[in-house]
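Undergrad: Structure provided below as structure tokens; questions to follow.
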Protein chains: 2
Amino acid sequence: MAQSDTVDRILDAAEELFAERGFSETSLRMITSKASVNLAAVNYHFGSKNALIQAVFARFLTPFTETLESAFDDLEASCEGAPPSLEQTLWALTESAVSMPQRNEKGISIFMRLLGLAYTQSQGHLREFLEEEYSQTFGRFMALLKGATPQLSAVDRYWRIQFMLGATAFTMSSSDALRDILQTKLGVETSVQEIAARLVPFLAAGLQAEAAIPTLISKPSVA
Amino acid sequence: MAQSDTVDRILDAAEELFAERGFSETSLRMITSKASVNLAAVNYHFGSKNALIQAVFARFLTPFTETLESAFDDLEASCEGAPPSLEQTLWALTESAVSMPQRNEKGISIFMRLLGLAYTQSQGHLREFLEEEYSQTFGRFMALLKGATPQLSAVDRYWRIQFMLGATAFTMSSSDALRDILQTKLGVETSVQEIAARLVPFLAAGLQAEAAIPTLISKPSVA
DNA sequence: CCAGGGTTCAAACGTATGTTTCAAACAGAC
DNA sequence: GTCTGTTTGAAACATACGTTTGAACCCTGG
């Protein structure tokens, strides 16, 4: 076994277990026994469980943001100063995600599920780490969305982006289960690419909906 | 102190702590000390931590589904056989949620956050419990959505409902954090009612978007 | 007044967690 | 081949958890 084969084995096992069970519900002993390494190896190589969590994110988020940055570069170059459209921006994102080199067939759904966890289970340290490391790329994505939806107020746009992220992270994070249900109920096979292809128009339509904003509790009349 | 004042104090404390920290991250000792009751009281009155979690859900979900069922009754009655529209259905849902009698000013956001957690952190026992108790109302909601979107294929509808649930659960499960960010960045106060009011048009538009279906990886051309 | 059932309390139990320890095994350089 | 720094290994550490215990407590019905 190579020198730090151990590090990768730990990261692989941790990634998969975190994705299926969450952070607190995954113990170091589960990770090390799945990885077939000694318990102490985690603290030796990473220092702490929290640092391991951050390392898991860094391993896939760093190449992803690099891919994404260059996709955005291409997009902006091809638009020659004009703001890229919403669909183009969303496609740049999904293509970058889908085209990431995957460690295995579960790669993309693990990736998505971890993003979802980062959002919903974010324990302080993780949120700080992600903010610290990746806020620049995230900000660029937000700026592109802003350019693509100039008709929206800042507040509307903020919330709709949250809705978008929610729909995406959530769907992708349970995409395996959802695919299975569809397979058994309707007999339909679905690839992650197809889910993405269905998601993009949904998101684009939602993001560009009429901002029917509140005369607060004003439900549509029945007639 | 009345006889089972203790039970309510435990439920109140548990509800609030679960909502802000999740289930595994909330210990019984936190709950009992916030409630100013003895540690053993939880196991005495509820039997176990899992049973307490279920009791927390039952306390707000049972009246909620009753309200919702009668809102659906009203809706269907006022439509006299015609299927209610999508907006009407979604509004019936959000109005039922918002109009629930609240124990305090944080009531509605706790409610939403718990629903989000139920979806994203669902530990087996909770999923089974919710399925057991509330699947009928959920099924009725799905049937209404089906009637409101006859133009969608079963597969499209299936995925779009997942997207919808995702956007909702996800946003609601982190709504406090999102509200804080908005407050500090843009200086805007936001109520849960406003979030819901923004969410409904987004979901309705997404659900009714043109079903731009996959000539698979067909990203929009740049020009 | 006092017996008895429901309730509270402090303390302990057993188990699981993240982390640390220190000796053994290993690698590569001289 | 031996030495040096790195990595692994089995075991223990301290702590926190959910749960159980059994004695105290209260309050009500007789």
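All residue names refer to the structure tokens as shown: chains lettered A, B, ... in order, residues numbered from 1 in each chain, ligands numbered from 1 in order.
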With chain A held fixed, move chain B onto it by a least-squares fit of all C-alpha atoms in order and give the output as a PDB file with C-alpha atoms, in the first residue's frame.

TA:
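Below is the file that was written, part_6.pdb:
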ATOM      1  CA  MET B   1       0.310  -0.384  -0.492  1.00  0.00           C
ATOM      2  CA  ALA B   2       1.628   3.064  -1.275  1.00  0.00           C
ATOM      3  CA  GLN B   3       2.504   5.542   1.391  1.00  0.00           C
ATOM      4  CA  SER B   4      -0.755   7.374   1.700  1.00  0.00           C
ATOM      5  CA  ASP B   5      -3.065   4.970   0.156  1.00  0.00           C
ATOM      6  CA  THR B   6      -4.518   5.091   3.659  1.00  0.00           C
ATOM      7  CA  VAL B   7      -5.536   8.724   3.305  1.00  0.00           C
ATOM      8  CA  ASP B   8      -7.441   8.025   0.104  1.00  0.00           C
ATOM      9  CA  ARG B   9      -9.099   4.938   1.494  1.00  0.00           C
ATOM     10  CA  ILE B  10     -10.328   6.967   4.439  1.00  0.00           C
ATOM     11  CA  LEU B  11     -11.590   9.760   2.200  1.00  0.00           C
ATOM     12  CA  ASP B  12     -13.379   7.311  -0.094  1.00  0.00           C
ATOM     13  CA  ALA B  13     -15.081   5.517   2.756  1.00  0.00           C
ATOM     14  CA  ALA B  14     -15.951   8.720   4.590  1.00  0.00           C
ATOM     15  CA  GLU B  15     -17.387  10.336   1.499  1.00  0.00           C
ATOM     16  CA  GLU B  16     -19.651   7.417   0.784  1.00  0.00           C
ATOM     17  CA  LEU B  17     -20.815   6.960   4.360  1.00  0.00           C
ATOM     18  CA  PHE B  18     -21.405  10.666   4.929  1.00  0.00           C
ATOM     19  CA  ALA B  19     -23.434  10.797   1.739  1.00  0.00           C
ATOM     20  CA  GLU B  20     -25.695   7.958   2.746  1.00  0.00           C
ATOM     21  CA  ARG B  21     -26.032   8.630   6.471  1.00  0.00           C
ATOM     22  CA  GLY B  22     -25.076  12.198   7.268  1.00  0.00           C
ATOM     23  CA  PHE B  23     -22.227  13.391   9.444  1.00  0.00           C
ATOM     24  CA  SER B  24     -23.303  12.779  13.008  1.00  0.00           C
ATOM     25  CA  GLU B  25     -24.749   9.406  12.123  1.00  0.00           C
ATOM     26  CA  THR B  26     -21.436   8.226  10.711  1.00  0.00           C
ATOM     27  CA  SER B  27     -18.859   7.216  13.293  1.00  0.00           C
ATOM     28  CA  LEU B  28     -15.137   7.067  12.787  1.00  0.00           C
ATOM     29  CA  ARG B  29     -15.303   3.378  13.521  1.00  0.00           C
ATOM     30  CA  MET B  30     -17.659   2.832  10.602  1.00  0.00           C
ATOM     31  CA  ILE B  31     -15.351   4.790   8.354  1.00  0.00           C
ATOM     32  CA  THR B  32     -12.156   3.062   9.392  1.00  0.00           C
ATOM     33  CA  SER B  33     -13.657  -0.388   9.229  1.00  0.00           C
ATOM     34  CA  LYS B  34     -15.113   0.246   5.774  1.00  0.00           C
ATOM     35  CA  ALA B  35     -11.718   1.577   4.719  1.00  0.00           C
ATOM     36  CA  SER B  36      -9.927  -1.331   6.420  1.00  0.00           C
ATOM     37  CA  VAL B  37      -7.617   0.962   8.302  1.00  0.00           C
ATOM     38  CA  ASN B  38      -6.925   1.434  11.955  1.00  0.00           C
ATOM     39  CA  LEU B  39      -9.184   3.696  13.955  1.00  0.00           C
ATOM     40  CA  ALA B  40      -6.347   5.967  14.979  1.00  0.00           C
ATOM     41  CA  ALA B  41      -5.442   6.651  11.355  1.00  0.00           C
ATOM     42  CA  VAL B  42      -8.109   9.308  11.028  1.00  0.00           C
ATOM     43  CA  ASN B  43      -6.802  11.404  13.854  1.00  0.00           C
ATOM     44  CA  TYR B  44      -3.248  10.763  12.776  1.00  0.00           C
ATOM     45  CA  HIS B  45      -3.762  11.914   9.182  1.00  0.00           C
ATOM     46  CA  PHE B  46      -6.493  14.500   9.563  1.00  0.00           C
ATOM     47  CA  GLY B  47      -6.386  15.577  13.194  1.00  0.00           C
ATOM     48  CA  SER B  48     -10.080  15.300  13.966  1.00  0.00           C
ATOM     49  CA  LYS B  49     -13.407  14.177  12.594  1.00  0.00           C
ATOM     50  CA  ASN B  50     -14.340  17.745  11.687  1.00  0.00           C
ATOM     51  CA  ALA B  51     -11.131  18.149   9.739  1.00  0.00           C
ATOM     52  CA  LEU B  52     -11.934  14.921   7.915  1.00  0.00           C
ATOM     53  CA  ILE B  53     -15.350  16.281   6.953  1.00  0.00           C
ATOM     54  CA  GLN B  54     -13.713  19.399   5.581  1.00  0.00           C
ATOM     55  CA  ALA B  55     -11.144  17.328   3.701  1.00  0.00           C
ATOM     56  CA  VAL B  56     -13.902  15.322   2.076  1.00  0.00           C
ATOM     57  CA  PHE B  57     -15.486  18.523   0.829  1.00  0.00           C
ATOM     58  CA  ALA B  58     -12.219  20.053  -0.251  1.00  0.00           C
ATOM     59  CA  ARG B  59     -11.325  17.021  -2.335  1.00  0.00           C
ATOM     60  CA  PHE B  60     -14.279  17.409  -4.670  1.00  0.00           C
ATOM     61  CA  LEU B  61     -15.141  21.081  -4.219  1.00  0.00           C
ATOM     62  CA  THR B  62     -11.745  22.482  -5.145  1.00  0.00           C
ATOM     63  CA  PRO B  63     -11.572  20.895  -8.603  1.00  0.00           C
ATOM     64  CA  PHE B  64     -15.251  21.611  -9.065  1.00  0.00           C
ATOM     65  CA  THR B  65     -14.969  25.331  -8.422  1.00  0.00           C
ATOM     66  CA  GLU B  66     -11.962  25.470 -10.750  1.00  0.00           C
ATOM     67  CA  THR B  67     -13.965  23.813 -13.507  1.00  0.00           C
ATOM     68  CA  LEU B  68     -16.849  26.111 -12.775  1.00  0.00           C
ATOM     69  CA  GLU B  69     -14.751  29.258 -12.845  1.00  0.00           C
ATOM     70  CA  SER B  70     -13.404  28.394 -16.257  1.00  0.00           C
ATOM     71  CA  ALA B  71     -16.892  27.509 -17.490  1.00  0.00           C
ATOM     72  CA  PHE B  72     -17.965  30.975 -16.390  1.00  0.00           C
ATOM     73  CA  ASP B  73     -14.922  32.429 -18.140  1.00  0.00           C
ATOM     74  CA  ASP B  74     -15.900  30.677 -21.371  1.00  0.00           C
ATOM     75  CA  LEU B  75     -19.488  31.755 -21.011  1.00  0.00           C
ATOM     76  CA  GLU B  76     -18.648  35.400 -20.473  1.00  0.00           C
ATOM     77  CA  ALA B  77     -16.096  35.357 -23.280  1.00  0.00           C
ATOM     78  CA  SER B  78     -18.598  33.919 -25.741  1.00  0.00           C
ATOM     79  CA  CYS B  79     -21.135  36.571 -24.798  1.00  0.00           C
ATOM     80  CA  GLU B  80     -18.741  39.435 -25.489  1.00  0.00           C
ATOM     81  CA  GLY B  81     -19.909  41.737 -22.756  1.00  0.00           C
ATOM     82  CA  ALA B  82     -23.601  40.934 -22.936  1.00  0.00           C
ATOM     83  CA  PRO B  83     -24.862  39.188 -19.810  1.00  0.00           C
ATOM     84  CA  PRO B  84     -25.248  35.411 -20.248  1.00  0.00           C
ATOM     85  CA  SER B  85     -28.814  34.164 -20.179  1.00  0.00           C
ATOM     86  CA  LEU B  86     -30.296  32.390 -17.185  1.00  0.00           C
ATOM     87  CA  GLU B  87     -30.408  29.030 -18.946  1.00  0.00           C
ATOM     88  CA  GLN B  88     -26.811  29.371 -20.031  1.00  0.00           C
ATOM     89  CA  THR B  89     -25.722  30.162 -16.496  1.00  0.00           C
ATOM     90  CA  LEU B  90     -27.614  27.267 -14.983  1.00  0.00           C
ATOM     91  CA  TRP B  91     -26.294  24.924 -17.639  1.00  0.00           C
ATOM     92  CA  ALA B  92     -22.743  26.018 -17.030  1.00  0.00           C
ATOM     93  CA  LEU B  93     -23.299  25.008 -13.433  1.00  0.00           C
ATOM     94  CA  THR B  94     -24.864  21.632 -14.075  1.00  0.00           C
ATOM     95  CA  GLU B  95     -22.439  20.750 -16.842  1.00  0.00           C
ATOM     96  CA  SER B  96     -19.520  21.500 -14.587  1.00  0.00           C
ATOM     97  CA  ALA B  97     -21.008  19.252 -11.954  1.00  0.00           C
ATOM     98  CA  VAL B  98     -21.801  16.410 -14.319  1.00  0.00           C
ATOM     99  CA  SER B  99     -18.517  16.522 -16.189  1.00  0.00           C
ATOM    100  CA  MET B 100     -16.370  16.233 -13.095  1.00  0.00           C
ATOM    101  CA  PRO B 101     -14.090  13.209 -13.255  1.00  0.00           C
ATOM    102  CA  GLN B 102     -15.806  10.583 -11.120  1.00  0.00           C
ATOM    103  CA  ARG B 103     -14.120   8.080  -8.901  1.00  0.00           C
ATOM    104  CA  ASN B 104     -16.922   5.576  -9.485  1.00  0.00           C
ATOM    105  CA  GLU B 105     -20.430   5.238 -10.816  1.00  0.00           C
ATOM    106  CA  LYS B 106     -21.906   6.701  -7.658  1.00  0.00           C
ATOM    107  CA  GLY B 107     -19.621   9.715  -7.874  1.00  0.00           C
ATOM    108  CA  ILE B 108     -22.028  12.310  -9.098  1.00  0.00           C
ATOM    109  CA  SER B 109     -24.843  11.405  -6.763  1.00  0.00           C
ATOM    110  CA  ILE B 110     -22.488  11.375  -3.798  1.00  0.00           C
ATOM    111  CA  PHE B 111     -21.269  14.778  -4.880  1.00  0.00           C
ATOM    112  CA  MET B 112     -24.817  16.125  -5.014  1.00  0.00           C
ATOM    113  CA  ARG B 113     -25.856  14.547  -1.798  1.00  0.00           C
ATOM    114  CA  LEU B 114     -22.873  16.037   0.009  1.00  0.00           C
ATOM    115  CA  LEU B 115     -23.733  19.463  -1.323  1.00  0.00           C
ATOM    116  CA  GLY B 116     -27.240  19.006  -0.017  1.00  0.00           C
ATOM    117  CA  LEU B 117     -25.950  17.958   3.371  1.00  0.00           C
ATOM    118  CA  ALA B 118     -23.607  20.920   3.482  1.00  0.00           C
ATOM    119  CA  TYR B 119     -26.656  23.098   3.161  1.00  0.00           C
ATOM    120  CA  THR B 120     -29.081  21.307   5.432  1.00  0.00           C
ATOM    121  CA  GLN B 121     -26.841  19.784   8.107  1.00  0.00           C
ATOM    122  CA  SER B 122     -24.244  22.470   8.141  1.00  0.00           C
ATOM    123  CA  GLN B 123     -22.571  22.346  11.450  1.00  0.00           C
ATOM    124  CA  GLY B 124     -20.851  25.648  12.177  1.00  0.00           C
ATOM    125  CA  HIS B 125     -17.338  24.521  11.347  1.00  0.00           C
ATOM    126  CA  LEU B 126     -18.345  23.322   7.895  1.00  0.00           C
ATOM    127  CA  ARG B 127     -20.227  26.463   7.041  1.00  0.00           C
ATOM    128  CA  GLU B 128     -17.256  28.567   8.057  1.00  0.00           C
ATOM    129  CA  PHE B 129     -14.909  26.408   6.045  1.00  0.00           C
ATOM    130  CA  LEU B 130     -17.024  26.591   2.907  1.00  0.00           C
ATOM    131  CA  GLU B 131     -17.506  30.326   3.301  1.00  0.00           C
ATOM    132  CA  GLU B 132     -13.776  30.776   3.757  1.00  0.00           C
ATOM    133  CA  GLU B 133     -12.770  28.697   0.771  1.00  0.00           C
ATOM    134  CA  TYR B 134     -15.451  29.037  -1.841  1.00  0.00           C
ATOM    135  CA  SER B 135     -17.366  32.267  -1.319  1.00  0.00           C
ATOM    136  CA  GLN B 136     -15.705  33.918  -4.312  1.00  0.00           C
ATOM    137  CA  THR B 137     -17.079  31.446  -6.840  1.00  0.00           C
ATOM    138  CA  PHE B 138     -20.450  31.539  -5.177  1.00  0.00           C
ATOM    139  CA  GLY B 139     -20.507  35.309  -5.402  1.00  0.00           C
ATOM    140  CA  ARG B 140     -19.686  35.149  -9.074  1.00  0.00           C
ATOM    141  CA  PHE B 141     -22.596  32.806  -9.666  1.00  0.00           C
ATOM    142  CA  MET B 142     -24.920  35.189  -7.853  1.00  0.00           C
ATOM    143  CA  ALA B 143     -23.678  38.094  -9.972  1.00  0.00           C
ATOM    144  CA  LEU B 144     -24.403  36.120 -13.150  1.00  0.00           C
ATOM    145  CA  LEU B 145     -27.914  35.414 -11.929  1.00  0.00           C
ATOM    146  CA  LYS B 146     -28.378  39.098 -11.274  1.00  0.00           C
ATOM    147  CA  GLY B 147     -27.313  39.940 -14.822  1.00  0.00           C
ATOM    148  CA  ALA B 148     -29.647  37.308 -16.216  1.00  0.00           C
ATOM    149  CA  THR B 149     -32.725  38.559 -14.379  1.00  0.00           C
ATOM    150  CA  PRO B 150     -32.589  42.363 -14.596  1.00  0.00           C
ATOM    151  CA  GLN B 151     -36.378  42.557 -14.502  1.00  0.00           C
ATOM    152  CA  LEU B 152     -36.500  41.302 -10.922  1.00  0.00           C
ATOM    153  CA  SER B 153     -36.356  43.572  -7.921  1.00  0.00           C
ATOM    154  CA  ALA B 154     -33.539  42.823  -5.515  1.00  0.00           C
ATOM    155  CA  VAL B 155     -36.010  41.428  -3.019  1.00  0.00           C
ATOM    156  CA  ASP B 156     -37.751  39.183  -5.501  1.00  0.00           C
ATOM    157  CA  ARG B 157     -34.453  37.906  -6.784  1.00  0.00           C
ATOM    158  CA  TYR B 158     -33.266  37.237  -3.282  1.00  0.00           C
ATOM    159  CA  TRP B 159     -36.222  35.077  -2.416  1.00  0.00           C
ATOM    160  CA  ARG B 160     -36.292  33.266  -5.698  1.00  0.00           C
ATOM    161  CA  ILE B 161     -32.641  32.339  -5.404  1.00  0.00           C
ATOM    162  CA  GLN B 162     -33.426  30.884  -2.012  1.00  0.00           C
ATOM    163  CA  PHE B 163     -36.264  28.889  -3.556  1.00  0.00           C
ATOM    164  CA  MET B 164     -33.898  27.675  -6.249  1.00  0.00           C
ATOM    165  CA  LEU B 165     -31.197  26.634  -3.838  1.00  0.00           C
ATOM    166  CA  GLY B 166     -33.805  24.950  -1.704  1.00  0.00           C
ATOM    167  CA  ALA B 167     -35.243  22.907  -4.528  1.00  0.00           C
ATOM    168  CA  THR B 168     -31.776  21.873  -5.623  1.00  0.00           C
ATOM    169  CA  ALA B 169     -30.200  21.112  -2.277  1.00  0.00           C
ATOM    170  CA  PHE B 170     -33.247  19.324  -1.063  1.00  0.00           C
ATOM    171  CA  THR B 171     -33.749  17.166  -4.107  1.00  0.00           C
ATOM    172  CA  MET B 172     -30.105  16.312  -4.360  1.00  0.00           C
ATOM    173  CA  SER B 173     -29.777  15.533  -0.706  1.00  0.00           C
ATOM    174  CA  SER B 174     -32.385  12.829  -0.990  1.00  0.00           C
ATOM    175  CA  SER B 175     -31.920  11.893  -4.604  1.00  0.00           C
ATOM    176  CA  ASP B 176     -31.124   8.248  -3.964  1.00  0.00           C
ATOM    177  CA  ALA B 177     -34.300   7.719  -1.991  1.00  0.00           C
ATOM    178  CA  LEU B 178     -36.326   9.589  -4.590  1.00  0.00           C
ATOM    179  CA  ARG B 179     -34.845   7.540  -7.384  1.00  0.00           C
ATOM    180  CA  ASP B 180     -35.687   4.340  -5.540  1.00  0.00           C
ATOM    181  CA  ILE B 181     -39.295   5.384  -5.053  1.00  0.00           C
ATOM    182  CA  LEU B 182     -39.628   6.194  -8.720  1.00  0.00           C
ATOM    183  CA  GLN B 183     -38.038   2.893  -9.629  1.00  0.00           C
ATOM    184  CA  THR B 184     -40.440   0.836  -7.562  1.00  0.00           C
ATOM    185  CA  LYS B 185     -43.593   2.863  -8.255  1.00  0.00           C
ATOM    186  CA  LEU B 186     -43.254   3.565 -11.941  1.00  0.00           C
ATOM    187  CA  GLY B 187     -40.448   1.244 -12.922  1.00  0.00           C
ATOM    188  CA  VAL B 188     -38.384   4.107 -14.254  1.00  0.00           C
ATOM    189  CA  GLU B 189     -34.626   4.370 -14.003  1.00  0.00           C
ATOM    190  CA  THR B 190     -33.249   7.839 -13.504  1.00  0.00           C
ATOM    191  CA  SER B 191     -29.736   9.201 -13.725  1.00  0.00           C
ATOM    192  CA  VAL B 192     -28.522  12.228 -11.878  1.00  0.00           C
ATOM    193  CA  GLN B 193     -27.990  13.886 -15.240  1.00  0.00           C
ATOM    194  CA  GLU B 194     -31.658  13.466 -15.964  1.00  0.00           C
ATOM    195  CA  ILE B 195     -32.631  14.947 -12.644  1.00  0.00           C
ATOM    196  CA  ALA B 196     -30.464  17.943 -13.389  1.00  0.00           C
ATOM    197  CA  ALA B 197     -31.957  18.207 -16.852  1.00  0.00           C
ATOM    198  CA  ARG B 198     -35.414  18.275 -15.326  1.00  0.00           C
ATOM    199  CA  LEU B 199     -34.416  20.687 -12.622  1.00  0.00           C
ATOM    200  CA  VAL B 200     -32.999  23.391 -14.871  1.00  0.00           C
ATOM    201  CA  PRO B 201     -36.215  24.259 -16.744  1.00  0.00           C
ATOM    202  CA  PHE B 202     -38.151  24.163 -13.494  1.00  0.00           C
ATOM    203  CA  LEU B 203     -35.785  26.621 -11.864  1.00  0.00           C
ATOM    204  CA  ALA B 204     -35.552  28.858 -14.885  1.00  0.00           C
ATOM    205  CA  ALA B 205     -39.326  29.086 -15.165  1.00  0.00           C
ATOM    206  CA  GLY B 206     -39.721  29.793 -11.472  1.00  0.00           C
ATOM    207  CA  LEU B 207     -37.036  32.410 -11.436  1.00  0.00           C
ATOM    208  CA  GLN B 208     -38.594  34.217 -14.372  1.00  0.00           C
ATOM    209  CA  ALA B 209     -42.218  33.936 -13.301  1.00  0.00           C
ATOM    210  CA  GLU B 210     -44.395  37.019 -13.290  1.00  0.00           C
ATOM    211  CA  ALA B 211     -43.750  38.738 -10.002  1.00  0.00           C
ATOM    212  CA  ALA B 212     -47.310  38.411  -8.811  1.00  0.00           C
ATOM    213  CA  ILE B 213     -46.763  40.461  -5.777  1.00  0.00           C
ATOM    214  CA  PRO B 214     -48.669  40.445  -2.627  1.00  0.00           C
ATOM    215  CA  THR B 215     -51.797  42.278  -2.159  1.00  0.00           C
ATOM    216  CA  LEU B 216     -50.916  40.065   0.666  1.00  0.00           C
ATOM    217  CA  ILE B 217     -53.378  37.337   1.395  1.00  0.00           C
ATOM    218  CA  SER B 218     -55.077  37.448  -1.944  1.00  0.00           C
ATOM    219  CA  LYS B 219     -55.859  33.967  -2.922  1.00  0.00           C
ATOM    220  CA  PRO B 220     -57.211  33.449  -6.418  1.00  0.00           C
ATOM    221  CA  SER B 221     -60.977  33.527  -6.532  1.00  0.00           C
ATOM    222  CA  VAL B 222     -62.602  30.219  -7.174  1.00  0.00           C
ATOM    223  CA  ALA B 223     -64.642  30.975 -10.272  1.00  0.00           C
TER     224      ALA B 223
END

Undergrad: Kindly provide, as a PDB file with all heavy atoms, in the first residue's frame, the residues of chain D having any atom no farther than 9 Å from an atom of chain B, counting only C-alpha atoms (C1' of nucleotides).

TA:
ATOM      1  P    DC D  17     -24.467  15.365  26.077  1.00  0.00           P
ATOM      2  OP1  DC D  17     -24.920  16.321  25.070  1.00  0.00           O
ATOM      3  OP2  DC D  17     -24.596  15.646  27.517  1.00  0.00           O
ATOM      4  O5'  DC D  17     -25.138  13.956  25.764  1.00  0.00           O
ATOM      5  C5'  DC D  17     -24.997  13.397  24.460  1.00  0.00           C
ATOM      6  C4'  DC D  17     -25.353  11.933  24.491  1.00  0.00           C
ATOM      7  O4'  DC D  17     -24.453  11.267  25.376  1.00  0.00           O
ATOM      8  C3'  DC D  17     -26.715  11.656  25.096  1.00  0.00           C
ATOM      9  O3'  DC D  17     -27.698  11.753  24.085  1.00  0.00           O
ATOM     10  C2'  DC D  17     -26.568  10.227  25.588  1.00  0.00           C
ATOM     11  C1'  DC D  17     -25.064  10.069  25.827  1.00  0.00           C
ATOM     12  N1   DC D  17     -24.650   9.875  27.240  1.00  0.00           N
ATOM     13  C2   DC D  17     -24.570   8.595  27.782  1.00  0.00           C
ATOM     14  O2   DC D  17     -24.887   7.635  27.069  1.00  0.00           O
ATOM     15  N3   DC D  17     -24.161   8.439  29.070  1.00  0.00           N
ATOM     16  C4   DC D  17     -23.835   9.515  29.795  1.00  0.00           C
ATOM     17  N4   DC D  17     -23.432   9.332  31.054  1.00  0.00           N
ATOM     18  C5   DC D  17     -23.917  10.834  29.261  1.00  0.00           C
ATOM     19  C6   DC D  17     -24.331  10.968  28.001  1.00  0.00           C
ATOM     20  P    DG D  18     -29.200  11.903  24.510  1.00  0.00           P
ATOM     21  OP1  DG D  18     -29.909  12.380  23.314  1.00  0.00           O
ATOM     22  OP2  DG D  18     -29.242  12.674  25.758  1.00  0.00           O
ATOM     23  O5'  DG D  18     -29.655  10.412  24.827  1.00  0.00           O
ATOM     24  C5'  DG D  18     -29.622   9.438  23.796  1.00  0.00           C
ATOM     25  C4'  DG D  18     -30.051   8.085  24.335  1.00  0.00           C
ATOM     26  O4'  DG D  18     -29.152   7.698  25.389  1.00  0.00           O
ATOM     27  C3'  DG D  18     -31.455   8.059  24.951  1.00  0.00           C
ATOM     28  O3'  DG D  18     -32.086   6.834  24.620  1.00  0.00           O
ATOM     29  C2'  DG D  18     -31.189   8.191  26.448  1.00  0.00           C
ATOM     30  C1'  DG D  18     -29.853   7.488  26.598  1.00  0.00           C
ATOM     31  N9   DG D  18     -29.062   8.053  27.694  1.00  0.00           N
ATOM     32  C8   DG D  18     -28.793   9.374  27.945  1.00  0.00           C
ATOM     33  N7   DG D  18     -28.065   9.584  28.995  1.00  0.00           N
ATOM     34  C5   DG D  18     -27.821   8.320  29.494  1.00  0.00           C
ATOM     35  C6   DG D  18     -27.078   7.912  30.639  1.00  0.00           C
ATOM     36  O6   DG D  18     -26.471   8.606  31.466  1.00  0.00           O
ATOM     37  N1   DG D  18     -27.078   6.520  30.793  1.00  0.00           N
ATOM     38  C2   DG D  18     -27.718   5.656  29.936  1.00  0.00           C
ATOM     39  N2   DG D  18     -27.615   4.357  30.234  1.00  0.00           N
ATOM     40  N3   DG D  18     -28.410   6.016  28.861  1.00  0.00           N
ATOM     41  C4   DG D  18     -28.420   7.361  28.705  1.00  0.00           C
ATOM     42  P    DT D  19     -33.553   6.478  25.157  1.00  0.00           P
ATOM     43  OP1  DT D  19     -34.157   5.504  24.223  1.00  0.00           O
ATOM     44  OP2  DT D  19     -34.244   7.738  25.471  1.00  0.00           O
ATOM     45  O5'  DT D  19     -33.240   5.724  26.519  1.00  0.00           O
ATOM     46  C5'  DT D  19     -32.432   4.558  26.489  1.00  0.00           C
ATOM     47  C4'  DT D  19     -32.195   4.047  27.889  1.00  0.00           C
ATOM     48  O4'  DT D  19     -31.406   4.996  28.633  1.00  0.00           O
ATOM     49  C3'  DT D  19     -33.470   3.840  28.728  1.00  0.00           C
ATOM     50  O3'  DT D  19     -33.635   2.454  28.948  1.00  0.00           O
ATOM     51  C2'  DT D  19     -33.224   4.621  30.018  1.00  0.00           C
ATOM     52  C1'  DT D  19     -31.726   4.853  29.982  1.00  0.00           C
ATOM     53  N1   DT D  19     -31.247   6.084  30.692  1.00  0.00           N
ATOM     54  C2   DT D  19     -30.498   5.952  31.837  1.00  0.00           C
ATOM     55  O2   DT D  19     -30.197   4.870  32.315  1.00  0.00           O
ATOM     56  N3   DT D  19     -30.095   7.136  32.410  1.00  0.00           N
ATOM     57  C4   DT D  19     -30.381   8.413  31.957  1.00  0.00           C
ATOM     58  O4   DT D  19     -29.966   9.395  32.557  1.00  0.00           O
ATOM     59  C5   DT D  19     -31.175   8.473  30.765  1.00  0.00           C
ATOM     60  C7   DT D  19     -31.551   9.821  30.181  1.00  0.00           C
ATOM     61  C6   DT D  19     -31.568   7.327  30.189  1.00  0.00           C
ATOM     62  P    DT D  20     -34.882   1.897  29.787  1.00  0.00           P
ATOM     63  OP1  DT D  20     -35.171   0.536  29.306  1.00  0.00           O
ATOM     64  OP2  DT D  20     -35.923   2.941  29.808  1.00  0.00           O
ATOM     65  O5'  DT D  20     -34.283   1.781  31.256  1.00  0.00           O
ATOM     66  C5'  DT D  20     -33.065   1.091  31.446  1.00  0.00           C
ATOM     67  C4'  DT D  20     -32.702   1.080  32.923  1.00  0.00           C
ATOM     68  O4'  DT D  20     -32.222   2.380  33.322  1.00  0.00           O
ATOM     69  C3'  DT D  20     -33.863   0.746  33.874  1.00  0.00           C
ATOM     70  O3'  DT D  20     -33.463  -0.366  34.660  1.00  0.00           O
ATOM     71  C2'  DT D  20     -34.071   2.022  34.707  1.00  0.00           C
ATOM     72  C1'  DT D  20     -32.718   2.704  34.599  1.00  0.00           C
ATOM     73  N1   DT D  20     -32.747   4.193  34.651  1.00  0.00           N
ATOM     74  C2   DT D  20     -31.997   4.848  35.602  1.00  0.00           C
ATOM     75  O2   DT D  20     -31.313   4.273  36.436  1.00  0.00           O
ATOM     76  N3   DT D  20     -32.073   6.220  35.543  1.00  0.00           N
ATOM     77  C4   DT D  20     -32.808   6.970  34.652  1.00  0.00           C
ATOM     78  O4   DT D  20     -32.802   8.197  34.698  1.00  0.00           O
ATOM     79  C5   DT D  20     -33.575   6.221  33.700  1.00  0.00           C
ATOM     80  C7   DT D  20     -34.412   6.938  32.698  1.00  0.00           C
ATOM     81  C6   DT D  20     -33.509   4.884  33.739  1.00  0.00           C
TER      82       DT D  20
END

Undergrad: Using only C-alpha atoms (C1' of nucleotides), I'd like every residue of chain C that has an atom within 9 Å of chain A; please write them out as a ChimeraX atom specification.

TA: /C:17-20,27

Undergrad: So how far away is atom C1' of D:DT8 from atom C1' of C:DA24, in Å?

TA: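 Straight-line distance from atom C1' of C:DA24 to atom C1' of D:DT8 works out to 8.4 Å.
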